[in-house]
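Q: Would you mind keeping the following structure in view while I ask a few things?
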Amino acid sequence: MLILERSTNTTWHDVCAMDDIIVGTGVAARLNGEQLAVFNTGSGVFAIGNFDPFSGANVLARGLLGDIAGVLVVASPVYKQHFCLKTGQCLEDPEISVPAYETRICDQSKRIQIRVDSV
Amino acid sequence: MEKLQLLIVGNGMVGQRLLEELSRMPHAYNITVFCEESRAAYDRVHLSSYFSGASADELSLVAPEFFEQNGIHFLREEAVQSIDCLRKTAFGTRGTIIKYDTLVLATGSYPFVPPIPGHDRVGCHVYRTLDDLDAIRRDAANCRTGVVIGGGLLGLEAAKALSDLGLQTHVVEFAPQLMAVQLDEQGGAILRKKIAALGVQVHTGKSTQKIIDGDQQRHKLVFADGELEADLILFSAGIRPRDAVARDAGLAVGERGGVIVNDLLQTSDPDIYAIGEVALWQNKIFGLVAPGYDMARKLAAHLCQQSGEAFTGADMSTKLKLMGVEVGSIGDAQARSPGARTCVYEDGVKGVYKKLIVSDDCKTLLGAVLVGDTSDYDSLLQYMLNALPLPESPSSLILPSLEGKPMLGMDALPGTAQICSCNNVSKAGLCQAITSGCTTIGALKKETRAASTCGGCASLVKQVLESELKRQGIAVNDHICEHFAYTRQGLYHLVRINKIRTFNELLQQHGKGHGCEICKPAAASIFASCWNDFVLDPKLVGLQDTNDNFLANLQKDGSYSVVPRIPGGEITPQKLEVLAKVAQQYDLYTKITGGQRIDLFGARVDQLPMIWRDLVDAGFESGHAYGKALRTVKSCVGSSWCRYGVQDSVGMAIYVEERYRGLRSPHKLKMAVSGCTRECAEAQSKDVGIIATEKGWNLYVCGNGGMRPRHAELFASDLDDKTLIRYIDRFLMFYIATADRLQRTSVWRDNMEGGLAYLQDVVINDALGLSVELESQMQSLVDTYACEWKRTIDDLEALKRFRPFVNDDLPDEQIVYVRERGQKRPPRAEEKALALIEHEELV
């Protein structure tokens, strides 16, 4: 995997091309052994964990995108709980959230990069 | 002011309800509760569901932290041993001593076990608590047969539980009929037939003399005439009030047990009250939860000095489902009132029995017995409770609806009419809650508790809500979601008339925000119904729901199942071989579906294209099991083989399935074709059912299986092939144009003003002048059909989405399986860790 920039505890990883994600959908990606769900809503690129805590399956990348009262969300394809794309927070259960990752678009808007904090 | 000590003995359903009522109002008590069982209050009404899947937690009636939050001192697993009324002190079985100011007995009842010799043998049980059920479950594991002694309401519940545990079940009843308290002789006989048909053997008029060692099985019941062997015995011969402590304390008790209470539920000691099944009011014990709840509510108000509302007895009408058989009993079911007249409807074929008991002037309803069909229960109960004037001919209230049953309009009910008897909610109470803002069923249930105990009044509550909203002129929000201020029908017309083909256009012109998982799939379905564009087109793929998204059915572990189309259920051995090979190659769990197809489970998303390459090459097409679309057209073999068949049902099924394959609609569609009136294809449970006649085909519509079965209705008779297809074309397109999102044809039909006659008018008589248009819309969908999987496996762009990861081609290593009965299945939670390790070792 191409590591682009490393500071003391932060790494930006190149994950895929913008063209790899159809606008309005998501893809699954692997980073450091973790599964991520990366979405292109058309208004931005977001990354959260791919693991759906309700079903125990790695499926969030296959959920439908949308907004609930203005909050951008993905709906789990299994039991339809909503997760905020920016924070990973589950809207139905304040106790539950999935990891959220910072993203950026580089290389003349062609590549998607994701930041992973290491300990 | 120092708080008063309130001691509540017992934490059953009624005791808990008293605590809840007290917690809702200001009071001056320190409350202590003795709870004999290890579990706090749970739902005994639905006890048998413990054997059909419900957990102890699901049955619990106590919200987490309820006792802590309300400052209630809760003594678990401790009963009261004795009460000293003079010193106002109670002594617990574990040594706790409590001084009280006021004491409430809510000790309930215990199951009566007749003192026949052998009643206490190992393997003899009662059915009252979760601990009883645990003991039965443990014992049943080593048993083949079980017998319930007692054929009353509880006995039949218990019989269901035994049969759920897989035991060959018998019911032995001393009286000459089942449910002698609630039913008359004829009703009991019908119930007996229905229960026997379910495999439970019923023995009435049997007096058990003794229980001894069996020859083949553990026990032998010896009757006055004959004997019966069984491994497990369950006594359900009635209940007795648990009044021993009260008796010892010197409180007045009834001749046959029960602590005597007055209208304020006070015992002979004014500081001690009794509620629930231990209380004897006017020489009556109320063995149902609703009167117990009513006592709890009235006592709570009395203790808090909020009202002096007296307990005035309770209606003992009941409606329930025993082993799937609906039974209802209202008021004077045995017609004991002087001068009572009866009128009876019986359908021996369907096993339906209904009887009305009316006053001698035929003006008021005194009671009713319903077996096999309790759909009239709610309105009959209202007639009785409110003494509503009966229609001219009371029998019209119980005749089948096709004969024009007078409807009990909600407006006819007085405000005092009790809608929910479990929680004593009146129509006025509901209306008040609706006025104060509860405009959905959920909000109304939460606020009033109506329909939240037995649920029997749910449909009445809904009717009150609807009629009240209408009356108050409150607009019901029927918008599909927050992004579109339209119904599905509204969106359908916008799309069709304005020729909209993408979600962006629809959203920009008629909506707001980004859309959601409600409006996006609805829009995708509408686009497909109108234009039939490829569903995985980049413009449409982001709209597709879970299953359409990858043209397969998502399973709980994130894998998919694959269902190729097998039109009419007809398949060559060669094609079967292909399915077998594919299933073997990809190790897919294989199961025959109810729709005469084969379902292959456990395919990872990255395997779907390879699987479909093989299937398409062998001539298979998508079965659309993933879509809100036509699923299958089931058939019997018909006149080609069958001695009774009068038409070629398989040929017709294949023609129909190939005509409507891929048709996207508001919900899934199922069809079937039977070759004669014996109806082996079960066409009357389908959205579209076709049954052969000597002269052609009978068309049935709007049937449904599933959660709310509904028989399809005869729509038109003796049609030739062409007319049949024309009617189905029009019917389906009219449904697609006018139904709500996710509304099956059955519900669509039930909500249609004008009913079946209107539908026939539109489709057969062309009352709206739409026929030509509906037919041409359907023809255009038929002409533009293309197999989605055939298209996908040749489309490199579409295939990219099936990669397991955008940056890695290794599949998801967390999808693992265990083996069972020669095939794989997803591991249960406790098996998963081990399965993952084994999987890793293999890799």
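Following the order of the structure tokens, first chain is A, next is B, and so on, with residues numbered from 1 inside each chain and ligands from 1 in the order they appear.
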What lies within 10 Å of Val38 of chain A using only C-alpha atoms, ignoring chain neighbours under 4 positions off, as a PyMOL selection string?

A: (chain A and resi 15-16+21+25-29+45-50+60-62+85+101+103+112+114) or (chain B and resi 806)

Q: Those same residues, written as a compact mmCIF listing (two decimals), in the first residue's frame with N, CA, C and O atoms?

A:
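Heads up, here's the output in out-v5.txt:
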```
# COMPACT_ATOMS: atom_id res chain seq x y z
N VAL A 15 -6.29 5.24 -1.22
CA VAL A 15 -7.18 4.09 -1.20
C VAL A 15 -7.71 3.70 -2.58
O VAL A 15 -7.64 2.56 -2.99
N CYS A 16 -8.20 4.70 -3.32
CA CYS A 16 -8.71 4.37 -4.65
C CYS A 16 -8.89 5.64 -5.45
O CYS A 16 -8.69 6.74 -4.94
N ILE A 21 -15.70 4.84 -7.40
CA ILE A 21 -16.97 4.87 -6.64
C ILE A 21 -18.02 5.59 -7.47
O ILE A 21 -17.84 6.77 -7.81
N THR A 25 -22.97 6.04 -4.10
CA THR A 25 -22.79 4.68 -3.58
C THR A 25 -21.51 4.61 -2.74
O THR A 25 -20.82 5.60 -2.58
N GLY A 26 -21.22 3.41 -2.25
CA GLY A 26 -20.01 3.19 -1.47
C GLY A 26 -19.25 1.98 -1.95
O GLY A 26 -19.75 1.18 -2.75
N VAL A 27 -18.02 1.86 -1.47
CA VAL A 27 -17.22 0.65 -1.72
C VAL A 27 -16.59 0.23 -0.38
O VAL A 27 -16.43 1.06 0.52
N ALA A 28 -16.21 -1.06 -0.29
CA ALA A 28 -15.45 -1.49 0.87
C ALA A 28 -13.97 -1.35 0.55
O ALA A 28 -13.56 -1.48 -0.61
N ALA A 29 -13.17 -1.04 1.57
CA ALA A 29 -11.71 -0.93 1.38
C ALA A 29 -11.03 -1.54 2.60
O ALA A 29 -11.63 -1.66 3.66
N VAL A 45 -16.65 13.03 -0.02
CA VAL A 45 -16.24 11.63 0.17
C VAL A 45 -16.12 11.39 1.68
O VAL A 45 -15.56 12.21 2.40
N PHE A 46 -16.67 10.27 2.15
CA PHE A 46 -16.68 9.96 3.58
C PHE A 46 -16.22 8.53 3.80
O PHE A 46 -16.42 7.67 2.94
N ALA A 47 -15.61 8.29 4.96
CA ALA A 47 -15.20 6.92 5.29
C ALA A 47 -15.56 6.61 6.73
O ALA A 47 -15.29 7.39 7.64
N ILE A 48 -16.22 5.46 6.92
CA ILE A 48 -16.50 4.96 8.27
C ILE A 48 -16.18 3.47 8.29
O ILE A 48 -15.84 2.89 7.26
N GLY A 49 -16.29 2.82 9.46
CA GLY A 49 -16.06 1.38 9.53
C GLY A 49 -17.09 0.64 8.69
O GLY A 49 -18.23 1.08 8.57
N ASN A 50 -16.69 -0.51 8.14
CA ASN A 50 -17.61 -1.29 7.30
C ASN A 50 -18.43 -2.25 8.14
O ASN A 50 -19.42 -2.80 7.68
N LEU A 60 -21.65 -2.19 5.70
CA LEU A 60 -22.14 -0.80 5.63
C LEU A 60 -21.84 -0.15 4.28
O LEU A 60 -22.59 0.71 3.83
N ALA A 61 -20.77 -0.58 3.60
CA ALA A 61 -20.45 -0.01 2.29
C ALA A 61 -21.57 -0.24 1.29
O ALA A 61 -21.68 0.45 0.29
N ARG A 62 -22.42 -1.23 1.56
CA ARG A 62 -23.49 -1.56 0.62
C ARG A 62 -24.81 -0.91 1.01
O ARG A 62 -25.85 -1.23 0.45
N LEU A 85 -22.40 9.84 8.45
CA LEU A 85 -21.20 9.64 7.63
C LEU A 85 -20.01 10.41 8.19
O LEU A 85 -18.87 10.03 7.98
N TYR A 101 -13.46 8.17 9.69
CA TYR A 101 -12.11 8.51 9.24
C TYR A 101 -12.14 9.79 8.42
O TYR A 101 -13.10 10.06 7.70
N THR A 103 -11.09 12.10 5.35
CA THR A 103 -10.74 11.81 3.95
C THR A 103 -10.29 13.09 3.26
O THR A 103 -10.60 14.19 3.72
N ILE A 112 -8.55 9.28 -3.83
CA ILE A 112 -9.13 9.44 -2.50
C ILE A 112 -8.11 8.95 -1.47
O ILE A 112 -7.57 7.85 -1.60
N ILE A 114 -7.23 8.53 2.83
CA ILE A 114 -7.88 8.41 4.14
C ILE A 114 -6.83 8.45 5.24
O ILE A 114 -5.76 7.85 5.11
N VAL B 806 -12.23 -2.36 -2.80
CA VAL B 806 -11.80 -1.51 -3.90
C VAL B 806 -10.28 -1.58 -4.08
O VAL B 806 -9.77 -1.36 -5.17
```

Q: Residues of chain B no more than 8 Å from chain A, counting only C-alpha atoms: send them over as a PyMOL selection string.

A: chain B and resi 482+513-517+538+541-546+549+554-558+801+804-808+812

Q: Atom CA of Met733 of chain B and atom CA of Cys676 of chain B are how many Å apart?

A: 27.3 Å

Q: Restricting the calculation to only C-alpha atoms, which member of A:Ser109, A:Asn40, A:Phe51, A:Phe83 is positioned closest to Ser97 of chain A?

A: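 Of all the options, A:Phe83 lies closest to Ser97 of chain A.
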
Q: Just list the residues in segment 349-473 of chain B DSSP gives strand (DSSP E) on the backbone, as a list in words.

A: Val352, Tyr353, Lys354, Lys355, Leu356, Ile357, Val358, Leu365, Leu366, Gly367, Ala368, Val369, Leu370, Val371, Gln418, Ile419, Cys420, Val425 and Ser426 of chain B

Q: Those same residues, written as a short mmCIF file (atom, residue, chain, number, x, y, z; two decimals), in the first residue's frame with N, CA, C and O atoms?

A:
```cif
data_model
loop_
_atom_site.label_atom_id
_atom_site.label_comp_id
_atom_site.auth_asym_id
_atom_site.auth_seq_id
_atom_site.Cartn_x
_atom_site.Cartn_y
_atom_site.Cartn_z
N VAL B 352 -66.31 -22.96 11.34
CA VAL B 352 -66.62 -21.68 11.98
C VAL B 352 -67.97 -21.82 12.68
O VAL B 352 -68.92 -22.35 12.11
N TYR B 353 -68.02 -21.35 13.92
CA TYR B 353 -69.26 -21.40 14.69
C TYR B 353 -69.43 -20.06 15.38
O TYR B 353 -68.51 -19.57 16.04
N LYS B 354 -70.59 -19.45 15.21
CA LYS B 354 -70.86 -18.18 15.88
C LYS B 354 -72.28 -18.22 16.44
O LYS B 354 -73.20 -18.66 15.76
N LYS B 355 -72.40 -17.76 17.66
CA LYS B 355 -73.72 -17.76 18.28
C LYS B 355 -73.93 -16.45 19.00
O LYS B 355 -73.04 -15.96 19.71
N LEU B 356 -75.09 -15.86 18.80
CA LEU B 356 -75.45 -14.64 19.52
C LEU B 356 -76.49 -14.99 20.57
O LEU B 356 -77.39 -15.80 20.31
N ILE B 357 -76.37 -14.40 21.74
CA ILE B 357 -77.40 -14.53 22.76
C ILE B 357 -78.00 -13.14 22.93
O ILE B 357 -77.29 -12.20 23.29
N VAL B 358 -79.30 -13.00 22.63
CA VAL B 358 -79.93 -11.67 22.65
C VAL B 358 -81.09 -11.67 23.64
O VAL B 358 -81.62 -12.73 24.00
N LEU B 365 -77.72 -7.17 23.02
CA LEU B 365 -76.88 -8.36 22.97
C LEU B 365 -76.47 -8.74 24.39
O LEU B 365 -75.98 -7.92 25.15
N LEU B 366 -76.70 -10.01 24.76
CA LEU B 366 -76.33 -10.46 26.10
C LEU B 366 -75.02 -11.23 26.09
O LEU B 366 -74.30 -11.27 27.08
N GLY B 367 -74.71 -11.86 24.96
CA GLY B 367 -73.48 -12.64 24.93
C GLY B 367 -73.25 -13.20 23.55
O GLY B 367 -74.06 -13.04 22.64
N ALA B 368 -72.09 -13.85 23.40
CA ALA B 368 -71.76 -14.45 22.10
C ALA B 368 -70.70 -15.51 22.29
O ALA B 368 -69.91 -15.47 23.25
N VAL B 369 -70.70 -16.48 21.38
CA VAL B 369 -69.66 -17.51 21.34
C VAL B 369 -69.12 -17.51 19.91
O VAL B 369 -69.89 -17.52 18.96
N LEU B 370 -67.81 -17.44 19.79
CA LEU B 370 -67.19 -17.43 18.46
C LEU B 370 -66.08 -18.47 18.43
O LEU B 370 -65.20 -18.45 19.29
N VAL B 371 -66.13 -19.39 17.49
CA VAL B 371 -65.04 -20.35 17.34
C VAL B 371 -64.64 -20.38 15.87
O VAL B 371 -65.50 -20.45 14.99
N GLN B 418 -65.74 1.25 26.27
CA GLN B 418 -64.39 0.79 26.61
C GLN B 418 -63.78 0.12 25.38
O GLN B 418 -64.32 -0.85 24.86
N ILE B 419 -62.67 0.63 24.92
CA ILE B 419 -62.04 0.07 23.73
C ILE B 419 -61.01 -0.97 24.14
O ILE B 419 -60.98 -2.08 23.64
N CYS B 420 -60.12 -0.60 25.10
CA CYS B 420 -59.11 -1.55 25.57
C CYS B 420 -59.51 -1.99 26.97
O CYS B 420 -59.48 -1.19 27.91
N VAL B 425 -59.19 1.65 28.71
CA VAL B 425 -59.13 2.89 27.95
C VAL B 425 -60.44 3.03 27.19
O VAL B 425 -60.85 2.13 26.46
N SER B 426 -61.10 4.17 27.38
CA SER B 426 -62.38 4.40 26.72
C SER B 426 -62.14 5.11 25.40
O SER B 426 -61.06 5.61 25.12
#
```

Q: Residues within 8 Å of segment 113-124 of chain B, please, as number ranges by chain. Count only C-alpha atoms; anything in the same chain fewer than 3 positions from it doesn't count.

A: B: 139, 208-212, 231-237

Q: Produce a file of the selected residues containing C-alpha atoms, as a compact mmCIF listing (two decimals), in the first residue's frame.

A:
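Done, and the output landed in again-v2.txt:
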```txt
# COMPACT_ATOMS: atom_id res chain seq x y z
CA ASP B 139 -38.11 -32.97 31.37
CA THR B 208 -58.71 -39.68 36.16
CA GLN B 209 -58.77 -42.17 39.07
CA LYS B 210 -55.07 -42.66 39.62
CA ILE B 211 -51.69 -42.37 37.96
CA ILE B 212 -49.42 -45.44 37.98
CA ASP B 231 -44.19 -39.63 29.55
CA LEU B 232 -45.05 -36.21 30.94
CA ILE B 233 -48.12 -35.04 32.83
CA LEU B 234 -49.17 -31.43 33.20
CA PHE B 235 -51.97 -30.44 35.56
CA SER B 236 -54.07 -27.49 34.50
CA ALA B 237 -57.27 -28.12 36.36
```

Q: Give me the residues near Gly88 of chain A as a PyMOL selection string, where near means some atom within 6 Å (using only C-alpha atoms) and where sequence neighbours in that chain fewer than 6 positions away do not count.

A: chain A and resi 97-100

Q: List the spatial neighbours of Leu388 of chain B as a VMD selection string - criterion: any atom at most 12 Å away, only C-alpha atoms, same-chain residues fewer than 2 positions off excluded.

A: chain B and resid 358 362 to 366 379 to 386 390 to 391 394 408 to 409 412 to 414 417

Q: Store the residues picked out above, limited to C-alpha atoms, as a tab-separated table (two decimals), in the first residue's frame.

A:
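Saved to result_14.tsv:
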```
chain	number	residue	atom	x	y	z
B	358	VAL	CA	-79.93	-11.67	22.65
B	362	CYS	CA	-84.13	-8.87	20.44
B	363	LYS	CA	-82.99	-5.31	21.25
B	364	THR	CA	-79.76	-5.93	23.14
B	365	LEU	CA	-76.88	-8.36	22.97
B	366	LEU	CA	-76.33	-10.46	26.10
B	379	SER	CA	-67.88	-4.96	17.49
B	380	LEU	CA	-70.00	-7.55	19.30
B	381	LEU	CA	-68.26	-6.70	22.57
B	382	GLN	CA	-69.09	-3.03	22.01
B	383	TYR	CA	-72.73	-3.92	21.35
B	384	MET	CA	-72.88	-5.78	24.66
B	385	LEU	CA	-70.85	-3.45	26.87
B	386	ASN	CA	-72.67	-0.33	25.70
B	390	LEU	CA	-79.13	-4.29	17.70
B	391	PRO	CA	-79.95	-4.09	14.00
B	394	PRO	CA	-79.17	-9.45	14.67
B	408	LEU	CA	-70.37	-0.67	13.53
B	409	GLY	CA	-69.35	2.89	12.83
B	412	ALA	CA	-72.02	5.26	16.88
B	413	LEU	CA	-69.98	4.41	19.96
B	414	PRO	CA	-70.47	6.57	23.06
B	417	ALA	CA	-67.30	2.81	25.35
```

Q: Could you give me, as a count of residues only, the residues within 10 Å of segment 251-260 of chain B, counting only C-alpha atoms and dropping anything in the same chain fewer than 3 positions from it?

A: 31

Q: Find the residue from B:Leu579, B:Val605, B:Ala141, B:Val171 that sits nearest to Lys800 of chain B; use only C-alpha atoms when measuring.

A: B:Val605

Q: Do a neighbour search on Glu773 of chain B at 12 Å with only C-alpha atoms, toss out local chain neighbours closer than 3 positions, and write the hits as number ranges by chain.

A: B: 726, 729-730, 733-734, 737, 763, 766, 768-770, 776-780

Q: Quick check, in Å to one decimal: how far apart do atom CA of Leu228 of chain B and atom CA of Val325 of chain B lie?

A: 25.4 Å

Q: Distance atom CA of Gly12 of chain B-atom CA of Ala301 of chain B, one decimal place?

A: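 Taking atom CA of Gly12 of chain B as the start and atom CA of Ala301 of chain B as the end point, the length is 19.4 Å.
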
Q: Would you mind writing down, as a ChimeraX atom specification, each residue of segment 332-400 of chain B that DSSP on the backbone assigns to helix (DSSP H, G or I)?

A: /B:377-385,394-397
